[in-house]
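Notes follow once the structure below has been shown.
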Amino acid sequence: MTVAVIGAGKIGELVLSGLLRAGWSASELLVTARRAERGRELTERYGVRAVDNLTAVTEADVLAVAVKPQDATALLDEIGAKVPATKLIVSLCAGLPTSFFAARLPEGAPVIRVMTNTPALVDQAMTAISAGPHATGEHLAVAEEMFKPLGATVRVPESQQDAVTALSGSGPAYFYLLVEAMIDAGILLGLPRQVAHQLIVQTAIGSAVMLRDSGEHPVKLREAVTSPAGTTISAVRELENHGVRAALLSALEAARDRAREIAEQAGPGTARQGT
Ligand SMILES: NC(=O)C1=CN([C@@H]2O[C@H](COP(=O)(O)OP(=O)(O)OC[C@H]3O[C@@H](n4cnc5c(N)ncnc54)[C@H](OP(=O)(O)O)[C@@H]3O)[C@@H](O)[C@H]2O)C=CC1
Ligand SMILES: O=C(O)[C@@H]1CCC=N1
């Protein structure tokens with residue numbers, strides 16, 4: 001099976017490098033980019049062939065579309081009508097429903113929508129996969145074969161993909177922001193930056209592994225840290241006073257709404273799926 005990453009920018013490169021780490025051969029992969037220089041860079045770095053979009057359409061079995069949503073209309077104007085209905089389209093684009101692709105592809109072309117995230121770089125991605133028009137169980141299995149080596153995968157109805165984008169697609173950014181803020185807090189408390197960095201990064205890793213491996217609810221894990229009349233509860237009171245919980249609810253709702261807006265701006269074929 002040959003996979004072409006159409007629009008191999010940051011996310012496209014993560015997928016490409018993950019597949020190579022998982023043992024895919026460079027000859028099973030193709031990349032495209034707008035700038036020839038970007039294609040050359042990927043060829044030098046990974047030994048994969050950089051081709052134009054139409055060559056990718058002809059040669060690859062799976063077209064993994066990783067352009068920005070705002071560039072998808074121009075891309076599909078170029079390739080849409082030339083994609084044989086036998087090829088599987090896997091969209092990594094935030095916001096764009098599979099109906100957007102179906103409206104620009106020949107009748108019968110199977111489309112799958114995925115939302116992955118940047119921890120793919122260390123094989124710890126969270127990827128949610130949804131079947132769109134004409135996508136069968138076999139097509140979903142192909143998408144899983146591509147994304148399982150990069151971390152965990154889950155199948156979700158497409159109607160949940162905007163929420164998934166707000167949670168796990170953008171999620172790494174929220175954790176990095178928290179880490180950055182806590183390192184600054186360490187500086188405020190007089191710690192050297194390097195020490196504050198080490199303390200918080202290892203605390204983040206330890207907490208994440210406990211969340212994953214203990215099977216405990218986060219409330220229980222937090223309660224175990226929070227001693228009566230102790231230090232933690234003093235900090236928790238400040239977090240609640242500053243509305244951190246409400247801020248997160250609003251923030252993720254805003255991310256979900258932005259995904260919807262991207263779809264609306266993309267044009268015909270983007271009627272929202274489900275709720
Ligand atoms: N960043 C993230 O954490 C996540 C991003 N996504 C989604 O992934 C997609 C890509 O995002 P990201 O990697 O950050 O963006 P980038 O801008 O880094 O990558 C987009 C790539 O698409 C290329 N491109 C644009 N138009 C064309 C075209 N017509 N033909 C061929 N190549 C083209 C660009 O080429 P050139 O470099 O030459 O301009 C660029 O390399 C988006 O849809 C985003 O929603 C999904 C999950 C997480
Ligand atoms: O910010 C974005 O639009 C993309 C989608 C999810 C993560 N990054």
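Order determines the names: the first chain of the structure tokens is A, the second B, and so forth; residues in each chain are numbered 1 upward, and ligands are numbered 1 upward as they are shown.
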
Using DSSP on the backbone coordinates, identify all residues within range 66-240 of chain A classified as alpha helix (DSSP H); present the result as a PyMOL selection string. chain A and resi 72-79+98-102+137-147+161-164+171-188+193-214+218-225+231-240

Would you mind listing the residues within 6 Å of ligand 2, counting only C-alpha atoms and all ligand atoms, as JSON, numbers by chain? {"A": [94, 165, 169, 170]}

Near Asp71 in chain A, counting only C-alpha atoms, which residues have an atom at most 10 Å away, once you skip same-chain residues fewer than 6 positions from it, shown as an NGL selection string? :A and (7 or 93 or 266)

Could you dump the residues just selected with C-alpha atoms as a short mmCIF file (atom, residue, chain, number, x, y, z; two decimals), in the first residue's frame?
```cif
data_model
loop_
_atom_site.label_atom_id
_atom_site.label_comp_id
_atom_site.auth_asym_id
_atom_site.auth_seq_id
_atom_site.Cartn_x
_atom_site.Cartn_y
_atom_site.Cartn_z
CA GLY A 7 0.55 18.90 2.13
CA CYS A 93 -7.96 18.82 8.45
CA ALA A 266 -14.94 26.45 3.67
#
```

Report the distance between CA of Arg104 in chain A and CA of Gly269 in chain A in Å, rounded to one decimal place. 8.4 Å

At a cut-off of 6 Å and counting only C-alpha atoms and all ligand atoms, what residues surround ligand 1? Please answer as a list in words.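 The residues near ligand 1 are Ile6, Gly7, Ala8, Gly9, Lys10, Ile11, Gly12, Thr32, Ala33, Arg34, Arg35, Arg38, Ala66, Val67, Lys68, Pro69, Asp71, Ala74, Leu75, Leu92, Cys93, Ala94, Met115, Thr116, Asn117, Thr118 and Gly169 of chain A.
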